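coords_7.csv follows; it contains CSV, C-alpha atoms and all ligand atoms.
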```csv
chain,number,residue,atom,x,y,z
A,538,MET,CA,5.6,-25.4,-45.9
A,539,PRO,CA,3.6,-22.5,-44.5
A,540,SER,CA,2.6,-23.1,-40.9
A,541,ALA,CA,-1.0,-23.1,-39.7
A,542,ARG,CA,0.2,-21.8,-36.4
A,543,ASP,CA,1.9,-18.5,-35.4
A,544,PRO,CA,5.0,-19.5,-33.3
A,545,LEU,CA,5.2,-16.0,-31.8
A,546,ALA,CA,1.6,-16.1,-30.7
A,547,ASP,CA,2.3,-19.5,-29.1
A,548,LEU,CA,5.3,-18.1,-27.2
A,549,ARG,CA,3.2,-15.2,-25.9
A,550,ARG,CA,0.5,-17.6,-24.9
A,551,ILE,CA,3.0,-19.6,-22.9
A,552,ALA,CA,4.2,-16.5,-21.2
A,553,TYR,CA,0.6,-15.5,-20.4
A,554,LEU,CA,-0.2,-18.9,-18.8
A,555,LEU,CA,3.1,-18.8,-16.8
A,556,GLU,CA,2.2,-15.4,-15.5
A,557,ARG,CA,-1.3,-16.5,-14.6
A,558,ALA,CA,0.2,-19.4,-12.7
A,559,HIS,CA,2.4,-16.9,-10.8
A,560,GLU,CA,5.6,-18.4,-12.1
A,561,LYS,CA,9.0,-16.7,-11.6
A,562,THR,CA,9.5,-13.6,-13.7
A,563,TYR,CA,12.7,-15.0,-15.3
A,564,ARG,CA,10.8,-18.0,-16.7
A,565,VAL,CA,8.2,-15.7,-18.2
A,566,ARG,CA,10.8,-13.3,-19.6
A,567,ALA,CA,12.4,-16.1,-21.4
A,568,PHE,CA,9.3,-16.5,-23.6
A,569,ARG,CA,8.2,-12.9,-23.8
A,570,GLY,CA,11.8,-11.8,-24.6
A,571,ALA,CA,12.2,-14.5,-27.2
A,572,ALA,CA,9.0,-13.6,-28.9
A,573,ALA,CA,10.0,-9.9,-29.0
A,574,LYS,CA,13.4,-10.8,-30.4
A,575,LEU,CA,12.1,-13.3,-33.1
A,576,ALA,CA,9.4,-10.8,-34.2
A,577,LYS,CA,12.3,-8.5,-35.4
A,578,LEU,CA,13.9,-11.2,-37.7
A,579,PRO,CA,13.7,-10.5,-41.4
A,580,GLU,CA,11.0,-12.4,-43.3
A,581,GLY,CA,11.8,-16.1,-43.7
A,582,GLU,CA,14.7,-16.1,-41.3
A,583,LEU,CA,12.7,-17.7,-38.5
A,584,ALA,CA,11.7,-20.7,-40.6
A,585,ALA,CA,15.2,-21.0,-42.0
A,586,ARG,CA,16.9,-21.0,-38.6
A,587,ALA,CA,14.3,-23.4,-37.2
A,588,LYS,CA,15.1,-25.8,-40.1
A,589,ALA,CA,18.8,-25.4,-39.7
A,590,GLY,CA,18.6,-25.7,-35.9
A,591,THR,CA,20.3,-22.3,-35.4
A,592,LEU,CA,17.6,-20.5,-33.4
A,593,THR,CA,19.5,-21.0,-30.2
A,594,GLU,CA,22.5,-19.0,-31.6
A,595,LEU,CA,20.4,-15.9,-31.1
A,596,ALA,CA,20.8,-14.3,-27.7
A,597,GLY,CA,17.8,-14.9,-25.5
A,598,VAL,CA,16.6,-17.9,-27.4
A,599,GLY,CA,17.0,-21.1,-25.4
A,600,ASP,CA,16.4,-24.8,-26.2
A,601,VAL,CA,12.9,-24.9,-24.9
A,602,THR,CA,11.9,-21.8,-26.9
A,603,ALA,CA,13.5,-23.2,-30.0
A,604,ARG,CA,11.7,-26.5,-29.7
A,605,CYS,CA,8.4,-24.7,-29.3
A,606,VAL,CA,9.0,-22.6,-32.4
A,607,ALA,CA,9.9,-25.7,-34.4
A,608,GLU,CA,6.8,-27.6,-33.3
A,609,SER,CA,4.7,-24.6,-34.0
A,610,LEU,CA,6.1,-24.1,-37.5
A,611,ALA,CA,5.4,-27.8,-38.1
A,612,GLY,CA,1.8,-27.0,-37.4
A,613,GLU,CA,1.6,-28.7,-34.0
A,614,GLU,CA,0.7,-27.2,-30.7
A,615,PRO,CA,4.0,-27.0,-28.8
A,616,VAL,CA,4.1,-29.8,-26.1
A,617,TYR,CA,5.2,-27.2,-23.5
A,618,LEU,CA,2.1,-25.1,-24.3
A,619,ARG,CA,-0.2,-28.1,-24.4
A,620,ARG,CA,0.9,-29.1,-20.9
A,621,LEU,CA,0.3,-25.6,-19.6
A,622,GLU,CA,-3.2,-25.4,-21.2
A,623,ALA,CA,-4.1,-28.7,-19.7
A,624,THR,CA,-3.4,-27.5,-16.2
A,625,ALA,CA,-4.7,-24.0,-16.6
A,626,GLY,CA,-8.4,-24.7,-16.4
A,627,GLN,CA,-10.2,-23.0,-13.5
A,628,ASP,CA,-13.3,-24.7,-12.2
A,629,LEU,CA,-15.3,-21.8,-10.8
A,630,ASP,CA,-18.5,-22.3,-8.9
A,631,GLU,CA,-21.6,-20.8,-10.5
A,632,ALA,CA,-21.8,-17.7,-8.3
A,633,THR,CA,-18.1,-16.9,-8.8
A,634,ALA,CA,-18.4,-17.3,-12.5
A,635,ALA,CA,-21.5,-15.1,-12.6
A,636,LEU,CA,-19.8,-12.3,-10.7
A,637,LEU,CA,-16.7,-12.6,-12.9
A,638,ARG,CA,-18.9,-12.2,-16.0
A,639,SER,CA,-20.5,-9.1,-14.5
A,640,LEU,CA,-17.1,-7.3,-14.1
A,641,ARG,CA,-16.4,-4.9,-16.9
A,642,GLY,CA,-12.8,-4.0,-16.1
A,643,ASP,CA,-9.9,-3.9,-13.7
A,644,CYS,CA,-9.1,-0.8,-11.7
A,645,HIS,CA,-5.5,-1.6,-10.5
A,646,THR,CA,-2.8,-2.6,-12.9
A,647,HIS,CA,0.9,-1.9,-13.6
A,648,SER,CA,3.0,-1.6,-16.7
A,649,ASP,CA,6.8,-1.5,-17.3
A,650,TRP,CA,6.6,2.2,-16.7
A,651,SER,CA,6.9,1.3,-13.0
A,652,ASP,CA,7.4,-2.2,-11.7
A,653,GLY,CA,5.3,-4.2,-14.2
A,654,GLY,CA,6.9,-6.5,-16.7
A,655,SER,CA,5.1,-5.5,-19.9
A,656,PRO,CA,4.4,-2.4,-22.0
A,657,ILE,CA,1.1,-0.6,-21.7
A,658,ASP,CA,-0.2,-1.8,-25.1
A,659,GLU,CA,0.4,-5.4,-24.2
A,660,MET,CA,-1.4,-5.1,-20.9
A,661,ALA,CA,-4.3,-3.4,-22.8
A,662,MET,CA,-4.5,-6.1,-25.5
A,663,ALA,CA,-4.6,-8.8,-22.9
A,664,ALA,CA,-7.4,-7.0,-21.0
A,665,ALA,CA,-9.4,-6.6,-24.2
A,666,GLN,CA,-8.9,-10.3,-25.0
A,667,LEU,CA,-10.3,-11.1,-21.6
A,668,GLY,CA,-13.4,-9.2,-22.6
A,669,HIS,CA,-12.8,-6.2,-20.4
A,670,GLU,CA,-14.3,-2.9,-21.5
A,671,TYR,CA,-11.6,-0.9,-19.7
A,672,LEU,CA,-8.4,-1.2,-17.9
A,673,VAL,CA,-7.3,1.4,-15.4
A,674,LEU,CA,-3.6,1.8,-15.6
A,675,THR,CA,-2.3,2.6,-12.1
A,676,ASP,CA,1.5,2.8,-12.1
A,677,HIS,CA,3.3,3.8,-8.8
A,678,SER,CA,3.9,7.3,-7.5
A,679,PRO,CA,7.4,9.0,-7.1
A,680,ARG,CA,8.2,8.0,-3.5
A,681,LEU,CA,8.0,4.3,-4.2
A,682,THR,CA,11.5,4.4,-5.8
A,683,VAL,CA,11.9,0.6,-5.5
A,684,ALA,CA,9.0,0.2,-7.9
A,685,ARG,CA,10.3,3.0,-10.2
A,686,GLY,CA,7.4,5.3,-9.2
A,687,LEU,CA,6.5,7.9,-11.9
A,688,SER,CA,7.5,11.5,-11.4
A,689,ALA,CA,5.0,14.1,-12.4
A,690,GLU,CA,6.8,14.6,-15.7
A,691,ARG,CA,6.8,10.9,-16.5
A,692,LEU,CA,3.1,10.5,-15.6
A,693,GLU,CA,2.3,13.5,-17.9
A,694,GLU,CA,4.2,11.7,-20.6
A,695,GLN,CA,2.3,8.5,-19.9
A,696,LEU,CA,-1.0,10.3,-20.3
A,697,ASP,CA,0.0,11.2,-23.9
A,698,VAL,CA,1.0,7.6,-24.6
A,699,VAL,CA,-2.3,6.3,-23.3
A,700,ALA,CA,-4.2,8.8,-25.4
A,701,GLY,CA,-2.3,7.5,-28.4
A,702,ILE,CA,-3.0,3.8,-27.7
A,703,ASN,CA,-6.7,4.6,-27.1
A,704,ALA,CA,-6.9,6.5,-30.4
A,705,GLY,CA,-5.5,3.3,-32.0
A,706,PHE,CA,-8.3,1.2,-30.3
A,707,ALA,CA,-10.9,3.7,-31.5
A,708,GLY,CA,-9.5,3.5,-35.0
A,709,LEU,CA,-10.0,-0.2,-35.0
A,710,GLY,CA,-13.6,0.3,-33.9
A,711,MET,CA,-12.9,-1.3,-30.5
A,712,GLU,CA,-14.9,-0.2,-27.6
A,713,PHE,CA,-12.2,-1.1,-25.2
A,714,ARG,CA,-10.1,1.7,-23.7
A,715,ILE,CA,-7.5,2.4,-21.1
A,716,LEU,CA,-8.5,4.7,-18.3
A,717,THR,CA,-5.8,6.8,-16.8
A,718,GLY,CA,-4.9,6.3,-13.1
A,719,ILE,CA,-2.3,5.9,-10.5
A,720,GLU,CA,-1.6,3.8,-7.4
A,721,VAL,CA,-0.6,6.7,-5.3
A,722,ASP,CA,1.3,6.2,-2.0
A,723,ILE,CA,-0.6,7.3,1.1
A,724,LEU,CA,2.2,9.1,2.9
A,725,ALA,CA,2.8,9.1,6.7
A,726,ASP,CA,0.5,12.0,7.3
A,727,GLY,CA,-2.2,10.7,5.0
A,728,SER,CA,-1.5,13.0,2.1
A,729,LEU,CA,-1.1,11.6,-1.4
A,730,ASP,CA,2.2,11.3,-3.3
A,731,GLN,CA,1.5,13.2,-6.5
A,732,THR,CA,0.5,16.8,-7.4
A,733,ASP,CA,-3.1,17.8,-7.0
A,734,GLU,CA,-3.1,19.0,-10.5
A,735,LEU,CA,-2.2,15.6,-11.9
A,736,LEU,CA,-4.4,13.7,-9.5
A,737,GLY,CA,-7.3,15.8,-10.7
A,738,ARG,CA,-6.7,14.9,-14.3
A,739,LEU,CA,-6.7,11.2,-13.8
A,740,ASP,CA,-9.8,9.1,-14.3
A,741,VAL,CA,-9.4,6.8,-11.3
A,742,VAL,CA,-7.0,7.1,-8.3
A,743,VAL,CA,-6.1,4.1,-6.2
A,744,GLY,CA,-4.4,5.0,-2.9
A,745,SER,CA,-2.3,2.5,-1.0
A,746,VAL,CA,-0.1,2.4,2.0
A,747,HIS,CA,3.4,1.0,1.2
A,748,SER,CA,5.5,2.4,4.0
A,749,ASN,CA,5.5,2.4,7.8
A,750,LEU,CA,3.1,-0.6,7.7
A,751,LYS,CA,3.8,-1.1,11.4
A,752,ASP,CA,2.4,2.3,12.4
A,753,GLU,CA,0.5,2.2,15.7
A,754,PRO,CA,-3.2,1.5,15.0
A,755,GLU,CA,-4.2,5.1,15.9
A,756,VAL,CA,-1.6,6.5,13.6
A,757,MET,CA,-2.5,4.1,10.7
A,758,THR,CA,-6.2,4.8,11.2
A,759,ARG,CA,-5.7,8.6,11.0
A,760,ARG,CA,-3.5,8.2,8.0
A,761,MET,CA,-6.1,6.1,6.1
A,762,VAL,CA,-9.1,8.2,7.1
A,763,THR,CA,-7.2,11.4,6.0
A,764,ALA,CA,-6.5,9.7,2.6
A,765,LEU,CA,-10.1,8.6,2.2
A,766,ALA,CA,-11.3,12.1,2.8
A,767,ASN,CA,-9.0,13.4,0.1
A,768,PRO,CA,-11.3,14.2,-2.9
A,769,HIS,CA,-8.8,12.7,-5.4
A,770,LEU,CA,-8.7,9.2,-3.9
A,771,ASP,CA,-11.4,6.8,-5.3
A,772,ILE,CA,-10.3,3.4,-4.1
A,773,LEU,CA,-8.3,2.3,-1.1
A,774,GLY,CA,-5.8,-0.4,-2.3
A,775,HIS,CA,-4.9,-3.6,-0.3
A,776,CYS,CA,-5.9,-2.1,3.0
A,777,THR,CA,-4.0,-4.3,5.4
A,778,GLY,CA,-0.8,-4.7,3.4
A,779,ARG,CA,-0.5,-8.3,4.4
A,780,LEU,CA,1.5,-10.9,2.5
A,781,ILE,CA,0.3,-14.5,3.0
A,782,THR,CA,2.6,-16.4,0.7
A,783,GLY,CA,5.1,-16.2,-2.1
A,784,GLY,CA,8.6,-15.0,-2.9
A,785,ARG,CA,8.5,-11.9,-0.9
A,786,GLY,CA,7.8,-13.8,2.3
A,787,THR,CA,4.9,-13.1,4.6
A,788,ARG,CA,3.9,-9.9,6.4
A,789,ALA,CA,1.4,-9.3,9.1
A,790,GLU,CA,-1.6,-7.1,8.6
A,791,SER,CA,-1.3,-3.4,9.4
A,792,ARG,CA,-3.5,-2.6,12.4
A,793,PHE,CA,-6.2,0.1,12.2
A,794,ASP,CA,-9.7,0.8,13.5
A,795,PRO,CA,-11.9,-0.9,10.8
A,796,ALA,CA,-15.1,1.0,11.9
A,797,ALA,CA,-13.3,4.3,11.5
A,798,VAL,CA,-11.7,3.5,8.2
A,799,PHE,CA,-14.6,1.7,6.5
A,800,GLY,CA,-16.9,4.4,8.0
A,801,ALA,CA,-14.8,7.1,6.2
A,802,ALA,CA,-15.1,5.1,3.0
A,803,VAL,CA,-18.9,5.1,3.3
A,804,GLU,CA,-19.1,8.7,4.3
A,805,HIS,CA,-17.0,9.8,1.2
A,806,ASP,CA,-18.5,7.1,-1.1
A,807,LYS,CA,-15.1,5.6,-1.8
A,808,ALA,CA,-14.4,1.9,-2.6
A,809,ILE,CA,-12.4,-0.7,-0.7
A,810,GLU,CA,-10.3,-2.8,-2.9
A,811,ILE,CA,-10.6,-6.6,-2.9
A,812,ASN,CA,-7.1,-7.4,-4.1
A,813,SER,CA,-6.8,-10.6,-6.1
A,814,ARG,CA,-3.1,-11.2,-6.0
A,815,PRO,CA,-2.5,-14.7,-4.6
A,816,GLU,CA,0.1,-13.4,-2.1
A,817,ARG,CA,-2.2,-10.6,-0.9
A,818,LEU,CA,-5.9,-11.6,-1.0
A,819,ASP,CA,-6.5,-8.4,0.9
A,820,PRO,CA,-8.6,-7.6,2.9
A,821,PRO,CA,-9.0,-10.9,4.8
A,822,LYS,CA,-12.6,-12.1,4.8
A,823,ARG,CA,-13.0,-11.1,8.4
A,824,LEU,CA,-12.5,-7.4,7.5
A,825,LEU,CA,-14.3,-7.8,4.2
A,826,ARG,CA,-17.4,-8.7,6.1
A,827,VAL,CA,-17.0,-5.7,8.4
A,828,ALA,CA,-16.6,-3.4,5.4
A,829,LEU,CA,-19.7,-5.0,3.8
A,830,GLU,CA,-21.7,-4.4,7.0
A,831,ALA,CA,-20.5,-0.8,7.1
A,832,GLY,CA,-22.0,-0.3,3.7
A,833,CYS,CA,-18.8,0.1,1.6
A,834,ARG,CA,-18.5,-0.1,-2.1
A,835,PHE,CA,-15.8,-2.4,-3.4
A,836,ALA,CA,-13.5,-2.7,-6.4
A,837,ILE,CA,-12.3,-6.2,-7.3
A,838,ASP,CA,-8.8,-5.7,-8.8
A,839,THR,CA,-5.9,-7.9,-9.9
A,840,ASP,CA,-3.0,-5.5,-9.2
A,841,ALA,CA,-1.6,-7.2,-12.2
A,842,HIS,CA,2.1,-6.6,-13.0
A,843,ALA,CA,2.0,-8.8,-16.2
A,844,PRO,CA,-0.7,-9.7,-18.8
A,845,GLY,CA,-1.3,-13.2,-17.5
A,846,GLN,CA,-2.0,-11.8,-14.0
A,847,LEU,CA,-5.0,-9.9,-15.4
A,848,ASP,CA,-6.7,-13.3,-15.2
A,849,TRP,CA,-6.6,-13.3,-11.4
A,850,LEU,CA,-10.0,-11.7,-10.9
A,851,PRO,CA,-11.6,-15.1,-10.0
A,852,ASN,CA,-9.6,-14.9,-6.7
A,853,GLY,CA,-11.3,-11.7,-5.7
A,854,CYS,CA,-14.7,-12.8,-7.0
A,855,SER,CA,-14.8,-16.0,-5.0
A,856,ARG,CA,-14.0,-14.0,-1.8
A,857,ALA,CA,-16.6,-11.5,-2.6
A,858,VAL,CA,-19.1,-14.3,-3.1
A,859,ALA,CA,-18.1,-16.0,0.1
A,860,CYS,CA,-18.7,-12.9,2.0
A,861,GLY,CA,-22.0,-12.1,0.3
A,862,VAL,CA,-21.0,-8.8,-1.5
A,863,PRO,CA,-23.8,-7.8,-3.8
A,864,VAL,CA,-23.0,-7.0,-7.4
A,865,GLU,CA,-24.3,-3.5,-7.1
A,866,ARG,CA,-21.7,-2.6,-4.5
A,867,ILE,CA,-18.9,-3.4,-6.9
A,868,VAL,CA,-17.7,-0.4,-8.9
A,869,ASN,CA,-16.0,-2.3,-11.7
A,870,THR,CA,-19.3,-3.9,-12.7
A,871,LEU,CA,-20.2,-0.3,-13.9
A,872,PRO,CA,-19.9,0.7,-17.5
A,873,ALA,CA,-16.9,3.0,-18.0
A,874,LYS,CA,-19.0,6.2,-18.1
A,875,ASP,CA,-20.7,5.4,-14.8
A,876,LEU,CA,-17.4,4.4,-13.2
A,877,LEU,CA,-16.0,7.8,-14.4
A,878,ALA,CA,-19.0,9.6,-13.1
A,879,TRP,CA,-18.6,7.9,-9.7
A,880,ALA,CA,-14.9,8.8,-9.6
A,881,ALA,CA,-15.6,12.4,-10.7
A,882,SER,CA,-18.2,12.8,-8.0
A,883,HIS,CA,-15.4,12.8,-5.4
A,884,GLU,CA,-13.7,15.9,-6.7
B,1,ZN,ZN,0.4,-1.6,-3.9
B,2,ZN,ZN,-0.3,-2.2,-7.2
```
Just dump the structure as structure tokens.
Ligand SMILES: [Zn+2]
Ligand SMILES: [Zn+2]
Amino acid sequence: MPSARDPLADLRRIAYLLERAHEKTYRVRAFRGAAAKLAKLPEGELAARAKAGTLTELAGVGDVTARCVAESLAGEEPVYLRRLEATAGQDLDEATAALLRSLRGDCHTHSDWSDGGSPIDEMAMAAAQLGHEYLVLTDHSPRLTVARGLSAERLEEQLDVVAGINAGFAGLGMEFRILTGIEVDILADGSLDQTDELLGRLDVVVGSVHSNLKDEPEVMTRRMVTALANPHLDILGHCTGRLITGGRGTRAESRFDPAAVFGAAVEHDKAIEINSRPERLDPPKRLLRVALEAGCRFAIDTDAHAPGQLDWLPNGCSRAVACGVPVERIVNTLPAKDLLAWAASHE
């Protein structure tokens, strides 16, 4: 009997919903890994094995996955998926939903080239399915070795890969495209951790502090102001570095002079990121209001490390709404060409 459902699509949907719910990576991998493995089976073997009950003999395919595949092949929505879908609904208030609809893309995301969990094309497809017009790919820079930061050579290589994927989208007549970028480390002296030549070639540059987070306020302020004055930097990522919950534990905010930092952002027409990751939610609303008063632009980003996390924008939107950030101050409400023109104006 031919199935009305695609079991692999169901497994990927489960992974997506688990990512969105910020579930542990190993749980998500079980489904993404199984989907990738099963996709490679010869024609007919999936159904044959499901029927014979031998799917679990394949490495990486467990009981739960096998049950989902069997249900899917029988034409039913897998019970596991149905439960996830039932709890996945997000009741957004009207203002948050309206702001979310006005966002055209995401300016801070990672792939498995650095510390993300999925390939670039899967991140891109998920973004396109969310209705984004663009996704800025911002893998880490060399010094962040724990996150497998990209050397200049690997970043060059990535630019070619992105060009190839974009050519594929264009070939399908899709308007969606990946914009090139980086989440570049802001080093101790405020300089950026990648060559000027490469930074100049990227569409959008997010700069973040990932080291010496406990620098004295004067030091941290000088560091961030120097970075904001750098013509390559477009967006200041998760400015306090705080962690408020989650597996990595909590971390206090870095201390800096908000008037000086946000003033520098306004002076150089750079954006302050509103980071949507549940464990970050950075900056805190207190500082978000100061940045708003100062006249800053903002970018509402997910900092997604997996496809399902691209769905975290509502977190940032609700905070922007709560603080009264007007839509015209948010750079990722701009169409791609205007976003690119804004970023290029810094060079
Ligand atoms: Zn970061
Ligand atoms: Zn990041």
Counting only C-alpha atoms and all ligand atoms, figure out which residue out of A:Gln846, A:Thr782, A:Asn812, A:Asn749 gets nearest to ligand ZN 1 (chain B).
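Looking only at the distances to ligand ZN 1 (chain B), the closest residue turns out to be A:Asn812.
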Pick out the residues no farther than 9 Å from ligand ZN 2 (chain B), counting all atoms listed in the file, and list them as a list in words.
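If we count all atoms listed in the file, the neighbours of ligand ZN 2 (chain B) turn out to be His645, Thr646, His647, Asp652, Thr675, Asp676, His677, Ile719, Glu720, Val743, Ser745, Gly774, His775, Thr839, Asp840, Ala841 and His842 of chain A.
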Same residues, C-alpha atoms, saved as a PDB file, in the frame of the given file:
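Result saved to again-v4.pdb:
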```
ATOM      1  CA  HIS A 645      -5.500  -1.600 -10.500  1.00  0.00           C
ATOM      2  CA  THR A 646      -2.800  -2.600 -12.900  1.00  0.00           C
ATOM      3  CA  HIS A 647       0.900  -1.900 -13.600  1.00  0.00           C
ATOM      4  CA  ASP A 652       7.400  -2.200 -11.700  1.00  0.00           C
ATOM      5  CA  THR A 675      -2.300   2.600 -12.100  1.00  0.00           C
ATOM      6  CA  ASP A 676       1.500   2.800 -12.100  1.00  0.00           C
ATOM      7  CA  HIS A 677       3.300   3.800  -8.800  1.00  0.00           C
ATOM      8  CA  ILE A 719      -2.300   5.900 -10.500  1.00  0.00           C
ATOM      9  CA  GLU A 720      -1.600   3.800  -7.400  1.00  0.00           C
ATOM     10  CA  VAL A 743      -6.100   4.100  -6.200  1.00  0.00           C
ATOM     11  CA  SER A 745      -2.300   2.500  -1.000  1.00  0.00           C
ATOM     12  CA  GLY A 774      -5.800  -0.400  -2.300  1.00  0.00           C
ATOM     13  CA  HIS A 775      -4.900  -3.600  -0.300  1.00  0.00           C
ATOM     14  CA  THR A 839      -5.900  -7.900  -9.900  1.00  0.00           C
ATOM     15  CA  ASP A 840      -3.000  -5.500  -9.200  1.00  0.00           C
ATOM     16  CA  ALA A 841      -1.600  -7.200 -12.200  1.00  0.00           C
ATOM     17  CA  HIS A 842       2.100  -6.600 -13.000  1.00  0.00           C
TER      18      HIS A 842
END
```
When you count all atoms listed in the file, which of these residues is closest to ligand ZN 1 (chain B): A:Ala684, A:Leu545, A:Val803, A:Ala596?
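Closest to ligand ZN 1 (chain B), using all atoms listed in the file: A:Ala684.
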Just want the 9 Å neighbourhood of Asp806 in chain A, counted on all atoms listed in the file, with same-chain residues fewer than 2 positions away dropped. Output as an NGL selection string.
:A and (771 or 801-804 or 808 or 833-834 or 879 or 882-883)
For a quick check of understanding, using all atoms listed in the file, which of A:Glu659, A:Asp733, A:Asp875, A:Asp819 has the smallest distance to Arg641 in chain A?
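Result for the nearest residue to Arg641 in chain A: A:Asp875.
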If you measure from CA of Ala665 in chain A to CA of Arg564 in chain A, what distance in Å do you get, rounded to one decimal?
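Interatomic distance, CA of Ala665 in chain A to CA of Arg564 in chain A: 24.4 Å.
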For CA of Gly581 in chain A and CA of Pro844 in chain A, quote the distance in Å rounded to one decimal.
28.6 Å
Given the choices A:Ala635, A:Leu674, A:Met761, A:Leu696, which gets closest to Arg792 in chain A if the distance is worked out from all atoms listed in the file?
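Closest candidate: A:Met761.
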Between A:Ala584, A:Leu770, A:Ile551, A:Ala541, which residue has the minimum interatomic distance to Pro615 in chain A, considering only C-alpha atoms?
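For Pro615 in chain A, the nearest of the candidates is A:Ile551.
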At a cut-off of 10 Å, using all atoms listed in the file, what residues contact Val756 in chain A? Leave out same-chain residues fewer than 3 positions from it and give the result as a PyMOL selection string.
chain A and resi 725-727+751-753+759-761+792-794
So how far away is CA of Val699 in chain A from CA of Met711 in chain A, in Å?
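Going from CA of Met711 in chain A over to CA of Val699 in chain A, I get 14.9 Å.
Using all atoms listed in the file, the nearest neighbour of ligand ZN 1 (chain B) within the list A:Pro656, A:Gly783, A:Gly701, A:Gly744 is A:Gly744.
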Test item: which residues lie within 10 Å of (-1.5, 13.1, -18.3) counting only C-alpha atoms, as a compact mmCIF listing (two decimals) with C-alpha atoms, in the coordinates of the input:
```
# COMPACT_ATOMS: atom_id res chain seq x y z
CA ALA A 689 5.00 14.10 -12.40
CA GLU A 690 6.80 14.60 -15.70
CA ARG A 691 6.80 10.90 -16.50
CA LEU A 692 3.10 10.50 -15.60
CA GLU A 693 2.30 13.50 -17.90
CA GLU A 694 4.20 11.70 -20.60
CA GLN A 695 2.30 8.50 -19.90
CA LEU A 696 -1.00 10.30 -20.30
CA ASP A 697 0.00 11.20 -23.90
CA VAL A 698 1.00 7.60 -24.60
CA VAL A 699 -2.30 6.30 -23.30
CA ALA A 700 -4.20 8.80 -25.40
CA THR A 717 -5.80 6.80 -16.80
CA GLY A 718 -4.90 6.30 -13.10
CA GLU A 734 -3.10 19.00 -10.50
CA LEU A 735 -2.20 15.60 -11.90
CA LEU A 736 -4.40 13.70 -9.50
CA GLY A 737 -7.30 15.80 -10.70
CA ARG A 738 -6.70 14.90 -14.30
CA LEU A 739 -6.70 11.20 -13.80
```
Please provide the set of residues having any atom within 7 Å of Asp722 in chain A, restricted to all atoms listed in the file, with same-chain residues fewer than 6 positions apart removed, written as a CSV table (one decimal) with C-alpha atoms, keeping the file's coordinate frame.
```csv
chain,number,residue,atom,x,y,z
A,678,SER,CA,3.9,7.3,-7.5
A,729,LEU,CA,-1.1,11.6,-1.4
A,730,ASP,CA,2.2,11.3,-3.3
A,744,GLY,CA,-4.4,5.0,-2.9
A,745,SER,CA,-2.3,2.5,-1.0
A,746,VAL,CA,-0.1,2.4,2.0
A,747,HIS,CA,3.4,1.0,1.2
```
Using only C-alpha atoms, which residues sit within 10 Å of range 573-579 of chain A once same-chain residues fewer than 5 positions away are excluded, as a list in words?
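So, after excluding close chain neighbours, the residues are Pro544, Leu545, Leu548, Arg549, Phe568, Leu592, Leu595, Ala596, Gly597, Val598 and Val606 of chain A.
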Resulting file, chosen residues, C-alpha atoms, as an mmCIF file, in the frame of the given file:
```cif
data_model
loop_
_atom_site.group_PDB
_atom_site.id
_atom_site.type_symbol
_atom_site.label_atom_id
_atom_site.label_comp_id
_atom_site.auth_asym_id
_atom_site.auth_seq_id
_atom_site.Cartn_x
_atom_site.Cartn_y
_atom_site.Cartn_z
ATOM 1 C CA PRO A 544 5.000 -19.500 -33.300
ATOM 2 C CA LEU A 545 5.200 -16.000 -31.800
ATOM 3 C CA LEU A 548 5.300 -18.100 -27.200
ATOM 4 C CA ARG A 549 3.200 -15.200 -25.900
ATOM 5 C CA PHE A 568 9.300 -16.500 -23.600
ATOM 6 C CA LEU A 592 17.600 -20.500 -33.400
ATOM 7 C CA LEU A 595 20.400 -15.900 -31.100
ATOM 8 C CA ALA A 596 20.800 -14.300 -27.700
ATOM 9 C CA GLY A 597 17.800 -14.900 -25.500
ATOM 10 C CA VAL A 598 16.600 -17.900 -27.400
ATOM 11 C CA VAL A 606 9.000 -22.600 -32.400
#
```
